[in-house]
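First the structure, in the form of structure tokens, and then the observations on it.
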Amino acid sequence: MLSLNDTHPYHDHGTPASESAQQVMLKIDGVDVSVPAGTSVMRAAIDAGIEVPKLCATDSLEPFGSCRLCLVEIDGRRGTPASCTTPVEAGMSVRTQSPRLAKLRKGVMELYISDHPLDCLTCGANGDCELQDMAGAVGLREVRYGYEGKNHLGAQKDESNPYFTFDASKCIVCNRCVRACEETQGTFALTISGRGFESHVSAGMDEPFMESECVSCGACVSACPTATLQEKTVISLGMPTKSISTTCAYCGVGCGFKAEVKGTEVIRMTPWQDGKANEGHSCVKGRFAWGYATHKDRVTQPMIRAKITDPWREVSWDEAINHAASEFKRLQAAFGRDSIGGITSSRCTNEETYLVQKLVRAAFGNNNVDTCARVCHSPTGYGLGQTYGTSAGTQTFKSVAKSDVIMVIGANPTEAHPVFASRMKRRIRQGAKLIVVDPRRIDLVAGAHVKADFHLQLRPGTNVAVVTSLAHVIVTEGLDDAAFVAERCDDKSVVQWREFVARPENSPEAFESATGVPAALVRGAARLYATGSGAGTAQSLADAIAAGGRRPNGAIYYGLGVTEHSQGSTAVMAIANLAMVTGNVGREGVGVNPLRGQNNVQGSCDMGSFPHELPGYRHIGGAEVREQFNKAWGVTLQPEPGLRIPNMFDAALAGEFKGLYCQGEDIVQSDPDTQHVASALQAMECVVVQDIFLNETAKYAHVFLPGSSFLEKDGTFTNAERRISRVRKVMPPLSGVGDWEATVRLSNALGYPMAYTHPEQIMREIAALTPTFAGVSYEKIDRLGSVQWPCNDATAEAGTDIMHVDHFVRGKGRFVITQYVATDEKVTRKFPLLLTTGRILSQYNVGAQTRRTFNSQWHDEDRLEIHPHDALDRGVKEGDWVGISSRAGDTVLRATLTERVQPGVVYTTFHFPESGANVITTDSSDWATNCPEYKVTAVQVMPVAQPSTWQRAYKDFNEDQERFLADARHGAAAVATGK
Ligand code: SF4
Ligand code: SF4
Ligand code: SF4
Ligand code: FES
């Protein structure tokens, strides 16, 4: 294996671990060994420090037994069994070394090597090739067979994937890639085709990888023991020399990675086997799409300008910071303390986010701080807070392996949370049942070896009706867990809620016309979730439990398809009710799990980014909590919540809000009603944007502070499991100043001193001031790999894996009445279709990162999905340009005709600024949190021949802004070179 200077080295155990509690004693090479029953002889030997040669075995995959290199001798057994496929038995006596074994192994290796190009010195995998290692391990010195016979040395390379090469001439047909694609990823893109000498790895039907089902997760590349499947960066740049553990900066799964580098240059990112969120798996974004970090578009010099119609001027950090601080002071003097505010970023670390909210509260002196969670999971905060007492997913990702029934509501894990989707699919292939509640026929409904038992294809905007009617069935058919409810939930709320959901108007039949979901499907899904069978009854459930069984473990996973609605908070509470009434809270395999969008959405909320909450979700109105912060920070905090993001925009347009510090968010592209957002920014006098690129929001800024990518910073991210993991610096900040340092400088310039010299000090302060973080420290995370909050003296050392085990955080679980109220965003004759939006695997959020990678080869524009019937009605053909208009605005996209969407519903993504998807979305929002109703917009779609008015104006504006940036850079370069 590659010899690296590695912060957290990993040793392959050969085969997966057994979970058996029973221990088995055996002897290996005369050494007494004790391992769990079901362990392979290979793993038992390796764990005892006895290496066994192997090629087709690796501990992330079930053993296959094809290479015959791991042969051993076992007393009393004939022949030489493969140790990877032989389970241990009590009293076994195993020999891993003997002259006979040595001869057999040499023979095997000789055959492999005789059909392998002997170009080790120039091979991209030289030094990181298990074939090479095994040739050495078995002592192979000469090969008796020449190349004269039939061989595979002339096999064609497949270079179609932008990130990895498939060089068939080096393949030893060990099947690891095929198994990785099936077992780890669950895509089934690869097979071994042909027999005997003809057998070879085939992507799809012997297609190039890019034309097959492959989703470029890289699992096969990681599994391949040779250079057959190899990262192109390794081939072109050579082997890395150092490996640093860090955390993916894309989605809320929070996969652990090894950044493998040479000096400060990243050579590849490999998924970390000990990363608890991903256990060695990855998706195309984290694994391969990191090249944006050194893209030529990075802006690394601070810039200022008086007006957004002015060119930028590159300045020193001091000048930029002093200018921003003096502008903020001027605005507060002229327009009042509350005339400025800040936006924290869910892409930044906990430490950076904490500092920005501290800056706003302590240095600005107000509570005008908000975060992008406002536009995604703020209803989760509200809904789970009201019912359970805290805004937190209840489980670990691993918990899904114990689920019997999985319900996915308004989430598309295979696109948006792919590594978790792979875990979930594995569990479904093992037999767990699946219910999908989604207006679209997402991949999980009928994918590779995965099929939903029920797909409730509801109309956008009717989640509350569907989830409430699921509860109706459970309550009226007696499928509830009365004992759990009696012991764990608030009596009064239970009585009221039961009476409410049992009403006939909350039945699936009553809601059928609103939701579009046949009542029989809702009834079947409710029975399945509560009893494990679509035909389950109270009696069958009672009989099963009496016969020694238990209630099935039902787990709910939900996403932005639940929260981004006018009733987003109500839907979250309906989900929480459903889990409580069936007793599906507080143990493995169950729970309520919000799938967070961005990498640190959980963390940015935890860190007090909302205007009404201090770190740890403590209301700013609480005098005791405020006093704690007053003392620690030496200030007097305002007791009233500040402005939410939409309120900031409204106040700006009213002339009352004049200055904004926006770190790492692109509100112009990501927030709804783009024209409204742009007008609000134009009404401000000092917009300070800190980002790695000149994003859409920066085009409206007066001060640009260069941000740094995750590769340039130390800190922590918190994923959707509440798991706090380290982000470690791999290269220095390209601008010379870290994000947290810029906030410190700004605070100092504003007259509120901050004296941190490293993010670790910030985490110490967070831990000291936040009870749920009291036990968190860099030292502990370094030692344990990660911890999950709550993490303090009352929890295990690594924190809390499952929430609400004996009691809810609020004490008794509270049922909340969830009255369905149809959204105001209704179809009309003018706008007869409903638009809903979402994500795609290869792109991420506003696309600022992924658009600057090869990922655009999969998806290089946002398309409008439309049902063929709706397309036919409008004369729209595949690929036609169509105008989409809503009451907020118009844009033009190309159409994709698909039955994934139901008639009456259209769908698009929002990864490309010129698409203007959010030009169409409206100001309609969740009643409790103002989370925008992205998922329901009434629109009309018509064929058009030219871009929309907004798109034409955007093109001109964008060209001006790009020119201002280019001129600033050119001007600075000219000054530097004296030309
Ligand atoms: S990259 Fe992933 S999806 Fe593609 S073939 Fe390999 S394992 Fe399968
Ligand atoms: S490509 Fe690699 S992993 Fe797959 S069969 Fe060939 S050598 Fe084994
Ligand atoms: S699943 Fe999410 S966290 Fe994991 S590699 Fe992909 S984008 Fe990164
Ligand atoms: S490693 Fe056991 S047969 Fe290949």
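Every chain in the structure tokens has a letter given in the order shown (A, B, ...), and although residue numbers restart at 1 in each chain, ligands are simply numbered from 1 in the order shown.
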
Considering only C-alpha atoms and all ligand atoms, tabulate each residue of chain A that lies at most 12 Å from ligand 2 along with its nearest interatomic pair and the corresponding distance in Å to one decimal; arrange the rows by chain and ascending residue number and present them as JSON lines.
```
{"residue": "A:Leu55", "atom": "CA", "partner": "ligand 2", "partner_atom_place_in_ligand_line": "8 (Fe)", "distance": 8.4}
{"residue": "A:Cys56", "atom": "CA", "partner": "ligand 2", "partner_atom_place_in_ligand_line": "8 (Fe)", "distance": 7.2}
{"residue": "A:Ala57", "atom": "CA", "partner": "ligand 2", "partner_atom_place_in_ligand_line": "8 (Fe)", "distance": 10.1}
{"residue": "A:Thr58", "atom": "CA", "partner": "ligand 2", "partner_atom_place_in_ligand_line": "3 (S)", "distance": 10.6}
{"residue": "A:Leu61", "atom": "CA", "partner": "ligand 2", "partner_atom_place_in_ligand_line": "3 (S)", "distance": 11.5}
{"residue": "A:Phe64", "atom": "CA", "partner": "ligand 2", "partner_atom_place_in_ligand_line": "8 (Fe)", "distance": 11.6}
{"residue": "A:Ser66", "atom": "CA", "partner": "ligand 2", "partner_atom_place_in_ligand_line": "8 (Fe)", "distance": 10.5}
{"residue": "A:Cys67", "atom": "CA", "partner": "ligand 2", "partner_atom_place_in_ligand_line": "8 (Fe)", "distance": 9.9}
{"residue": "A:Tyr112", "atom": "CA", "partner": "ligand 2", "partner_atom_place_in_ligand_line": "7 (S)", "distance": 10.5}
{"residue": "A:His116", "atom": "CA", "partner": "ligand 2", "partner_atom_place_in_ligand_line": "7 (S)", "distance": 10.6}
{"residue": "A:Ala125", "atom": "CA", "partner": "ligand 2", "partner_atom_place_in_ligand_line": "2 (Fe)", "distance": 11.8}
{"residue": "A:Cys129", "atom": "CA", "partner": "ligand 2", "partner_atom_place_in_ligand_line": "7 (S)", "distance": 10.1}
{"residue": "A:Glu130", "atom": "CA", "partner": "ligand 2", "partner_atom_place_in_ligand_line": "7 (S)", "distance": 9.7}
{"residue": "A:Leu131", "atom": "CA", "partner": "ligand 2", "partner_atom_place_in_ligand_line": "7 (S)", "distance": 8.9}
{"residue": "A:His152", "atom": "CA", "partner": "ligand 2", "partner_atom_place_in_ligand_line": "6 (Fe)", "distance": 11.7}
{"residue": "A:Lys157", "atom": "CA", "partner": "ligand 2", "partner_atom_place_in_ligand_line": "1 (S)", "distance": 11.3}
{"residue": "A:Asp158", "atom": "CA", "partner": "ligand 2", "partner_atom_place_in_ligand_line": "1 (S)", "distance": 11.3}
{"residue": "A:Phe164", "atom": "CA", "partner": "ligand 2", "partner_atom_place_in_ligand_line": "1 (S)", "distance": 11.5}
{"residue": "A:Thr165", "atom": "CA", "partner": "ligand 2", "partner_atom_place_in_ligand_line": "1 (S)", "distance": 10.0}
{"residue": "A:Phe166", "atom": "CA", "partner": "ligand 2", "partner_atom_place_in_ligand_line": "1 (S)", "distance": 7.0}
{"residue": "A:Asp167", "atom": "CA", "partner": "ligand 2", "partner_atom_place_in_ligand_line": "1 (S)", "distance": 7.8}
{"residue": "A:Ala168", "atom": "CA", "partner": "ligand 2", "partner_atom_place_in_ligand_line": "1 (S)", "distance": 6.9}
{"residue": "A:Ser169", "atom": "CA", "partner": "ligand 2", "partner_atom_place_in_ligand_line": "6 (Fe)", "distance": 9.0}
{"residue": "A:Lys170", "atom": "CA", "partner": "ligand 2", "partner_atom_place_in_ligand_line": "7 (S)", "distance": 6.7}
{"residue": "A:Cys171", "atom": "CA", "partner": "ligand 2", "partner_atom_place_in_ligand_line": "6 (Fe)", "distance": 3.7}
{"residue": "A:Ile172", "atom": "CA", "partner": "ligand 2", "partner_atom_place_in_ligand_line": "7 (S)", "distance": 4.4}
{"residue": "A:Val173", "atom": "CA", "partner": "ligand 2", "partner_atom_place_in_ligand_line": "5 (S)", "distance": 3.5}
{"residue": "A:Cys174", "atom": "CA", "partner": "ligand 2", "partner_atom_place_in_ligand_line": "8 (Fe)", "distance": 3.9}
{"residue": "A:Asn175", "atom": "CA", "partner": "ligand 2", "partner_atom_place_in_ligand_line": "5 (S)", "distance": 4.1}
{"residue": "A:Arg176", "atom": "CA", "partner": "ligand 2", "partner_atom_place_in_ligand_line": "3 (S)", "distance": 4.2}
{"residue": "A:Cys177", "atom": "CA", "partner": "ligand 2", "partner_atom_place_in_ligand_line": "3 (S)", "distance": 4.1}
{"residue": "A:Val178", "atom": "CA", "partner": "ligand 2", "partner_atom_place_in_ligand_line": "4 (Fe)", "distance": 6.3}
{"residue": "A:Arg179", "atom": "CA", "partner": "ligand 2", "partner_atom_place_in_ligand_line": "3 (S)", "distance": 8.6}
{"residue": "A:Ala180", "atom": "CA", "partner": "ligand 2", "partner_atom_place_in_ligand_line": "3 (S)", "distance": 8.5}
{"residue": "A:Cys181", "atom": "CA", "partner": "ligand 2", "partner_atom_place_in_ligand_line": "4 (Fe)", "distance": 10.0}
{"residue": "A:Leu190", "atom": "CA", "partner": "ligand 2", "partner_atom_place_in_ligand_line": "4 (Fe)", "distance": 8.9}
{"residue": "A:Thr191", "atom": "CA", "partner": "ligand 2", "partner_atom_place_in_ligand_line": "5 (S)", "distance": 9.2}
{"residue": "A:Ile192", "atom": "CA", "partner": "ligand 2", "partner_atom_place_in_ligand_line": "5 (S)", "distance": 7.8}
{"residue": "A:Ser193", "atom": "CA", "partner": "ligand 2", "partner_atom_place_in_ligand_line": "5 (S)", "distance": 10.9}
{"residue": "A:Ser199", "atom": "CA", "partner": "ligand 2", "partner_atom_place_in_ligand_line": "5 (S)", "distance": 9.7}
{"residue": "A:His200", "atom": "CA", "partner": "ligand 2", "partner_atom_place_in_ligand_line": "5 (S)", "distance": 7.4}
{"residue": "A:Val201", "atom": "CA", "partner": "ligand 2", "partner_atom_place_in_ligand_line": "5 (S)", "distance": 6.0}
{"residue": "A:Ser202", "atom": "CA", "partner": "ligand 2", "partner_atom_place_in_ligand_line": "1 (S)", "distance": 9.2}
{"residue": "A:Ala203", "atom": "CA", "partner": "ligand 2", "partner_atom_place_in_ligand_line": "1 (S)", "distance": 10.4}
{"residue": "A:Gly218", "atom": "CA", "partner": "ligand 2", "partner_atom_place_in_ligand_line": "3 (S)", "distance": 11.4}
{"residue": "A:Ala219", "atom": "CA", "partner": "ligand 2", "partner_atom_place_in_ligand_line": "3 (S)", "distance": 9.8}
{"residue": "A:Cys220", "atom": "CA", "partner": "ligand 2", "partner_atom_place_in_ligand_line": "3 (S)", "distance": 6.4}
{"residue": "A:Val221", "atom": "CA", "partner": "ligand 2", "partner_atom_place_in_ligand_line": "3 (S)", "distance": 7.3}
{"residue": "A:Ser222", "atom": "CA", "partner": "ligand 2", "partner_atom_place_in_ligand_line": "3 (S)", "distance": 8.5}
{"residue": "A:Ala223", "atom": "CA", "partner": "ligand 2", "partner_atom_place_in_ligand_line": "3 (S)", "distance": 5.8}
{"residue": "A:Cys224", "atom": "CA", "partner": "ligand 2", "partner_atom_place_in_ligand_line": "3 (S)", "distance": 3.5}
{"residue": "A:Pro225", "atom": "CA", "partner": "ligand 2", "partner_atom_place_in_ligand_line": "2 (Fe)", "distance": 5.7}
{"residue": "A:Thr226", "atom": "CA", "partner": "ligand 2", "partner_atom_place_in_ligand_line": "7 (S)", "distance": 5.3}
{"residue": "A:Ala227", "atom": "CA", "partner": "ligand 2", "partner_atom_place_in_ligand_line": "2 (Fe)", "distance": 7.1}
{"residue": "A:Thr228", "atom": "CA", "partner": "ligand 2", "partner_atom_place_in_ligand_line": "1 (S)", "distance": 5.0}
{"residue": "A:Leu229", "atom": "CA", "partner": "ligand 2", "partner_atom_place_in_ligand_line": "1 (S)", "distance": 5.5}
{"residue": "A:Gln230", "atom": "CA", "partner": "ligand 2", "partner_atom_place_in_ligand_line": "2 (Fe)", "distance": 8.9}
```

Please, which residues have at least one atom within 8 Å of an atom of ligand 3, using only C-alpha atoms and all ligand atoms, listed as a list in words? Thr247, Cys248, Ala249, Tyr250, Cys251, Gly252, Val253, Gly254, Cys255, Gly256, Pro271, Asn278, His281, Ser282, Cys283, Val284, Lys285, Gly286, Arg287, Ala416, His417, Pro418, Val419, Phe420 and Asn599 of chain A

Separation of atom CA of Ala530 of chain A and atom CA of Gly591 of chain A, in Å? 12.9 Å

Any idea what's packed within 7 Å of segment 37-39 of chain A, counting only C-alpha atoms, ignoring anything in its chain fewer than 6 positions away? Could you give it as a PyMOL selection string? chain A and resi 17-18+20+22-24+87-88

Output N, CA and C atoms of each residue in that selection to a file, as a short mmCIF file (atom, residue, chain, number, x, y, z; two decimals), in the first residue's frame.
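Output (out03.cif):
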```cif
data_model
loop_
_atom_site.label_atom_id
_atom_site.label_comp_id
_atom_site.auth_asym_id
_atom_site.auth_seq_id
_atom_site.Cartn_x
_atom_site.Cartn_y
_atom_site.Cartn_z
N ALA A 17 -16.39 -6.68 9.27
CA ALA A 17 -16.46 -7.13 10.66
C ALA A 17 -17.75 -7.90 10.88
N SER A 18 -17.68 -8.86 11.81
CA SER A 18 -18.90 -9.56 12.22
C SER A 18 -19.50 -8.82 13.41
N SER A 20 -21.49 -10.27 15.58
CA SER A 20 -21.91 -11.27 16.56
C SER A 20 -21.34 -10.94 17.95
N GLN A 22 -21.03 -13.31 20.13
CA GLN A 22 -20.40 -14.56 20.59
C GLN A 22 -18.94 -14.60 20.12
N GLN A 23 -18.03 -14.95 21.03
CA GLN A 23 -16.62 -15.01 20.67
C GLN A 23 -16.22 -16.46 20.33
N VAL A 24 -15.29 -16.60 19.41
CA VAL A 24 -14.80 -17.92 19.00
C VAL A 24 -13.28 -17.93 19.20
N PRO A 87 -15.22 -19.02 7.35
CA PRO A 87 -15.46 -18.45 8.68
C PRO A 87 -14.69 -19.21 9.76
N VAL A 88 -14.36 -18.52 10.82
CA VAL A 88 -13.64 -19.18 11.92
C VAL A 88 -14.56 -20.20 12.59
#
```

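Nearest to ligand 4 of all the residues A:Val33, A:Met763, A:Cys372, A:Leu69 is A:Leu69, counting only C-alpha atoms and all ligand atoms.
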
Tell me, as a tab-separated table (two decimals) with all heavy atoms, in the first residue's frame, which residues lie within 9 Å of Arg347 of chain A, counting only C-alpha atoms; anything in the same chain fewer than 6 positions away does not count.
```tsv
chain	number	residue	atom	x	y	z
A	249	ALA	N	-17.01	19.39	1.86
A	249	ALA	CA	-17.66	20.70	2.01
A	249	ALA	C	-18.90	20.83	1.14
A	249	ALA	O	-19.36	21.93	0.89
A	249	ALA	CB	-16.67	21.81	1.67
A	250	TYR	N	-19.43	19.73	0.68
A	250	TYR	CA	-20.66	19.82	-0.12
A	250	TYR	C	-21.89	19.56	0.75
A	250	TYR	O	-22.32	20.44	1.46
A	250	TYR	CB	-20.59	18.89	-1.33
A	250	TYR	CG	-19.77	19.44	-2.48
A	250	TYR	CD1	-18.62	18.82	-2.92
A	250	TYR	CD2	-20.17	20.60	-3.15
A	250	TYR	CE1	-17.88	19.32	-3.99
A	250	TYR	CE2	-19.44	21.11	-4.22
A	250	TYR	CZ	-18.31	20.47	-4.64
A	250	TYR	OH	-17.59	20.96	-5.70
A	598	GLN	N	-26.92	21.86	2.79
A	598	GLN	CA	-25.51	22.22	2.69
A	598	GLN	C	-24.73	21.57	3.83
A	598	GLN	O	-25.28	21.16	4.85
A	598	GLN	CB	-25.36	23.74	2.74
A	598	GLN	CG	-26.18	24.42	1.65
A	598	GLN	CD	-25.60	25.74	1.24
A	598	GLN	OE1	-24.51	25.80	0.69
A	598	GLN	NE2	-26.31	26.82	1.48
A	599	ASN	N	-23.42	21.53	3.63
A	599	ASN	CA	-22.54	20.81	4.55
A	599	ASN	C	-22.70	21.20	6.01
A	599	ASN	O	-22.62	20.36	6.88
A	599	ASN	CB	-21.08	20.98	4.13
A	599	ASN	CG	-20.70	22.43	3.92
A	599	ASN	OD1	-21.49	23.21	3.41
A	599	ASN	ND2	-19.51	22.82	4.31
A	600	ASN	N	-22.91	22.49	6.28
A	600	ASN	CA	-22.94	22.89	7.68
A	600	ASN	C	-24.22	23.63	8.05
A	600	ASN	O	-24.20	24.53	8.87
A	600	ASN	CB	-21.70	23.73	8.02
A	600	ASN	CG	-21.41	23.71	9.51
A	600	ASN	OD1	-21.65	22.71	10.18
A	600	ASN	ND2	-20.92	24.81	10.03
A	601	VAL	N	-25.33	23.22	7.44
A	601	VAL	CA	-26.61	23.83	7.82
A	601	VAL	C	-26.90	23.57	9.28
A	601	VAL	O	-27.33	24.46	10.02
A	601	VAL	CB	-27.77	23.27	6.97
A	601	VAL	CG1	-29.10	23.71	7.53
A	601	VAL	CG2	-27.68	23.73	5.56
A	604	SER	N	-24.58	25.81	11.32
A	604	SER	CA	-24.85	27.25	11.31
A	604	SER	C	-26.06	27.56	12.17
A	604	SER	O	-26.11	28.59	12.83
A	604	SER	CB	-24.99	27.78	9.88
A	604	SER	OG	-26.21	27.39	9.33
A	664	GLY	N	-20.11	34.03	2.53
A	664	GLY	CA	-20.24	32.69	1.94
A	664	GLY	C	-21.61	32.28	1.50
A	664	GLY	O	-21.90	31.08	1.39
A	665	GLU	N	-22.51	33.21	1.24
A	665	GLU	CA	-23.83	32.86	0.72
A	665	GLU	C	-24.08	33.64	-0.55
A	665	GLU	O	-23.58	34.76	-0.70
A	665	GLU	CB	-24.93	33.19	1.74
A	665	GLU	CG	-25.07	32.14	2.81
A	665	GLU	CD	-25.27	30.74	2.26
A	665	GLU	OE1	-26.04	30.58	1.30
A	665	GLU	OE2	-24.65	29.81	2.78
A	710	PHE	N	-12.68	25.07	1.76
A	710	PHE	CA	-12.50	24.19	2.91
A	710	PHE	C	-11.10	23.63	2.99
A	710	PHE	O	-10.64	23.23	4.06
A	710	PHE	CB	-13.54	23.05	2.87
A	710	PHE	CG	-13.24	21.94	1.91
A	710	PHE	CD1	-12.96	20.66	2.36
A	710	PHE	CD2	-13.24	22.16	0.55
A	710	PHE	CE1	-12.67	19.63	1.48
A	710	PHE	CE2	-12.96	21.13	-0.35
A	710	PHE	CZ	-12.67	19.86	0.13
A	717	PHE	N	-17.23	21.08	10.91
A	717	PHE	CA	-18.57	21.09	10.30
A	717	PHE	C	-19.44	20.15	11.13
A	717	PHE	O	-18.95	19.16	11.67
A	717	PHE	CB	-18.55	20.52	8.87
A	717	PHE	CG	-17.88	21.36	7.83
A	717	PHE	CD1	-17.32	20.76	6.69
A	717	PHE	CD2	-17.83	22.74	7.92
A	717	PHE	CE1	-16.72	21.51	5.69
A	717	PHE	CE2	-17.23	23.51	6.92
A	717	PHE	CZ	-16.67	22.89	5.81
```

Would you please extract all alpha helix (DSSP H) residues from segment 563-800 of chain A, as assigned by DSSP on the backbone, and give them as a VMD selection string? chain A and resid 563 568 to 581 601 to 606 623 to 633 645 to 653 667 to 670 674 to 682 739 to 750 759 to 769 778 to 784

Extract, using only C-alpha atoms, all DNA, RNA and protein residues at most 12 Å from Ser345 of chain A, discarding same-chain residues fewer than 3 positions from it, and format them as JSON, numbers by chain. {"A": [249, 342, 348, 349, 350, 351, 352, 353, 354, 355, 356, 357, 369, 370, 371, 372, 373, 374, 598, 599, 600, 601, 602, 603, 604, 605, 607, 608, 609, 610, 661, 662, 663, 664, 665, 666, 667, 689, 690, 691, 707, 717, 739, 740]}

If you count only C-alpha atoms, which residues fall within 7 Å of segment 320-337 of chain A, apart from same-chain ones fewer than 5 positions away, as a PyMOL selection string? chain A and resi 302-304+315+365-366+656+658-659+686+703+745-746+749-750

For the residues in that selection, give me all heavy atoms as a CSV table (one decimal), in the first residue's frame.
```
chain,number,residue,atom,x,y,z
A,302,PRO,N,-8.7,41.6,-1.9
A,302,PRO,CA,-9.9,42.4,-1.5
A,302,PRO,C,-10.1,43.6,-2.6
A,302,PRO,O,-9.2,44.1,-3.2
A,302,PRO,CB,-9.5,43.0,-0.2
A,302,PRO,CG,-8.4,42.2,0.3
A,302,PRO,CD,-7.7,41.7,-0.9
A,303,MET,N,-11.4,43.9,-2.7
A,303,MET,CA,-11.8,45.0,-3.7
A,303,MET,C,-12.8,45.9,-3.0
A,303,MET,O,-13.7,45.4,-2.2
A,303,MET,CB,-12.3,44.4,-4.9
A,303,MET,CG,-11.4,43.4,-5.6
A,303,MET,SD,-12.0,42.8,-7.2
A,303,MET,CE,-13.5,42.0,-6.8
A,304,ILE,N,-12.8,47.2,-3.5
A,304,ILE,CA,-13.9,48.1,-3.0
A,304,ILE,C,-14.3,48.9,-4.2
A,304,ILE,O,-13.6,49.1,-5.2
A,304,ILE,CB,-13.4,49.0,-1.8
A,304,ILE,CG1,-12.2,49.9,-2.2
A,304,ILE,CG2,-13.1,48.2,-0.6
A,304,ILE,CD1,-11.9,50.9,-1.1
A,315,VAL,N,-7.5,46.4,-3.4
A,315,VAL,CA,-6.9,47.1,-2.3
A,315,VAL,C,-6.3,46.1,-1.3
A,315,VAL,O,-6.5,44.9,-1.4
A,315,VAL,CB,-8.0,48.0,-1.5
A,315,VAL,CG1,-8.5,49.1,-2.4
A,315,VAL,CG2,-9.1,47.1,-1.0
A,365,GLY,N,-24.2,45.4,17.6
A,365,GLY,CA,-25.0,45.8,18.7
A,365,GLY,C,-26.5,45.5,18.4
A,365,GLY,O,-27.4,46.0,19.1
A,366,ASN,N,-26.8,44.6,17.5
A,366,ASN,CA,-28.2,44.2,17.2
A,366,ASN,C,-28.3,42.7,17.0
A,366,ASN,O,-27.3,42.0,17.1
A,366,ASN,CB,-28.8,45.0,16.1
A,366,ASN,CG,-28.1,44.8,14.7
A,366,ASN,OD1,-27.7,43.6,14.4
A,366,ASN,ND2,-27.8,45.8,14.0
A,656,GLU,N,-34.8,51.5,5.4
A,656,GLU,CA,-34.4,51.5,6.8
A,656,GLU,C,-33.2,50.6,7.1
A,656,GLU,O,-32.6,50.6,8.1
A,656,GLU,CB,-35.6,50.9,7.6
A,656,GLU,CG,-36.7,51.8,7.7
A,656,GLU,CD,-38.0,51.1,8.0
A,656,GLU,OE1,-38.0,49.9,8.3
A,656,GLU,OE2,-39.1,51.7,7.9
A,658,LYS,N,-29.5,49.4,5.7
A,658,LYS,CA,-28.6,50.0,4.7
A,658,LYS,C,-27.3,49.3,4.5
A,658,LYS,O,-26.5,49.6,3.5
A,658,LYS,CB,-28.2,51.4,5.2
A,658,LYS,CG,-29.4,52.4,5.2
A,658,LYS,CD,-29.7,52.8,3.8
A,658,LYS,CE,-30.8,53.8,3.7
A,658,LYS,NZ,-31.0,54.2,2.3
A,659,GLY,N,-26.9,48.3,5.4
A,659,GLY,CA,-25.6,47.7,5.2
A,659,GLY,C,-25.7,46.2,5.6
A,659,GLY,O,-26.4,45.8,6.5
A,686,CYS,N,-24.0,49.9,1.7
A,686,CYS,CA,-22.7,49.1,1.9
A,686,CYS,C,-23.0,47.6,2.0
A,686,CYS,O,-23.4,47.1,3.1
A,686,CYS,CB,-21.9,49.6,3.1
A,686,CYS,SG,-20.4,48.7,3.3
A,703,VAL,N,-18.0,46.1,-1.2
A,703,VAL,CA,-16.7,45.6,-0.6
A,703,VAL,C,-16.7,44.1,-0.9
A,703,VAL,O,-17.6,43.4,-0.6
A,703,VAL,CB,-16.6,45.9,0.9
A,703,VAL,CG1,-15.2,45.3,1.4
A,703,VAL,CG2,-16.7,47.4,1.2
A,745,ARG,N,-10.8,40.8,12.1
A,745,ARG,CA,-10.3,42.2,11.7
A,745,ARG,C,-11.4,43.2,11.6
A,745,ARG,O,-11.2,44.3,12.0
A,745,ARG,CB,-9.5,42.1,10.4
A,745,ARG,CG,-8.2,41.4,10.5
A,745,ARG,CD,-7.4,41.7,9.2
A,745,ARG,NE,-6.3,40.8,9.1
A,745,ARG,CZ,-5.3,41.1,8.1
A,745,ARG,NH1,-5.5,42.0,7.3
A,745,ARG,NH2,-4.3,40.3,8.1
A,746,LEU,N,-12.5,42.7,11.1
A,746,LEU,CA,-13.6,43.7,10.9
A,746,LEU,C,-14.2,44.1,12.3
A,746,LEU,O,-14.5,45.2,12.5
A,746,LEU,CB,-14.7,43.0,10.1
A,746,LEU,CG,-16.0,43.8,9.8
A,746,LEU,CD1,-15.6,45.1,9.0
A,746,LEU,CD2,-17.0,43.0,8.9
A,749,ALA,N,-11.8,46.5,13.8
A,749,ALA,CA,-11.9,47.8,13.2
A,749,ALA,C,-13.2,48.5,13.6
A,749,ALA,O,-13.3,49.8,13.6
A,749,ALA,CB,-11.9,47.7,11.7
A,750,LEU,N,-14.2,47.8,14.0
A,750,LEU,CA,-15.5,48.4,14.5
A,750,LEU,C,-15.4,48.8,15.9
A,750,LEU,O,-16.3,49.4,16.5
A,750,LEU,CB,-16.6,47.4,14.3
A,750,LEU,CG,-17.2,47.2,12.8
A,750,LEU,CD1,-18.0,45.9,12.7
A,750,LEU,CD2,-18.0,48.4,12.4
```

Would you list the contacts of His295 of chain A as an NGL selection string, taking every protein, DNA or RNA residue within 10 Å and counting only C-alpha atoms, but skipping same-chain residues closer than 3 positions in sequence? :A and (290-292 or 298-299 or 692-693 or 849 or 852-853)
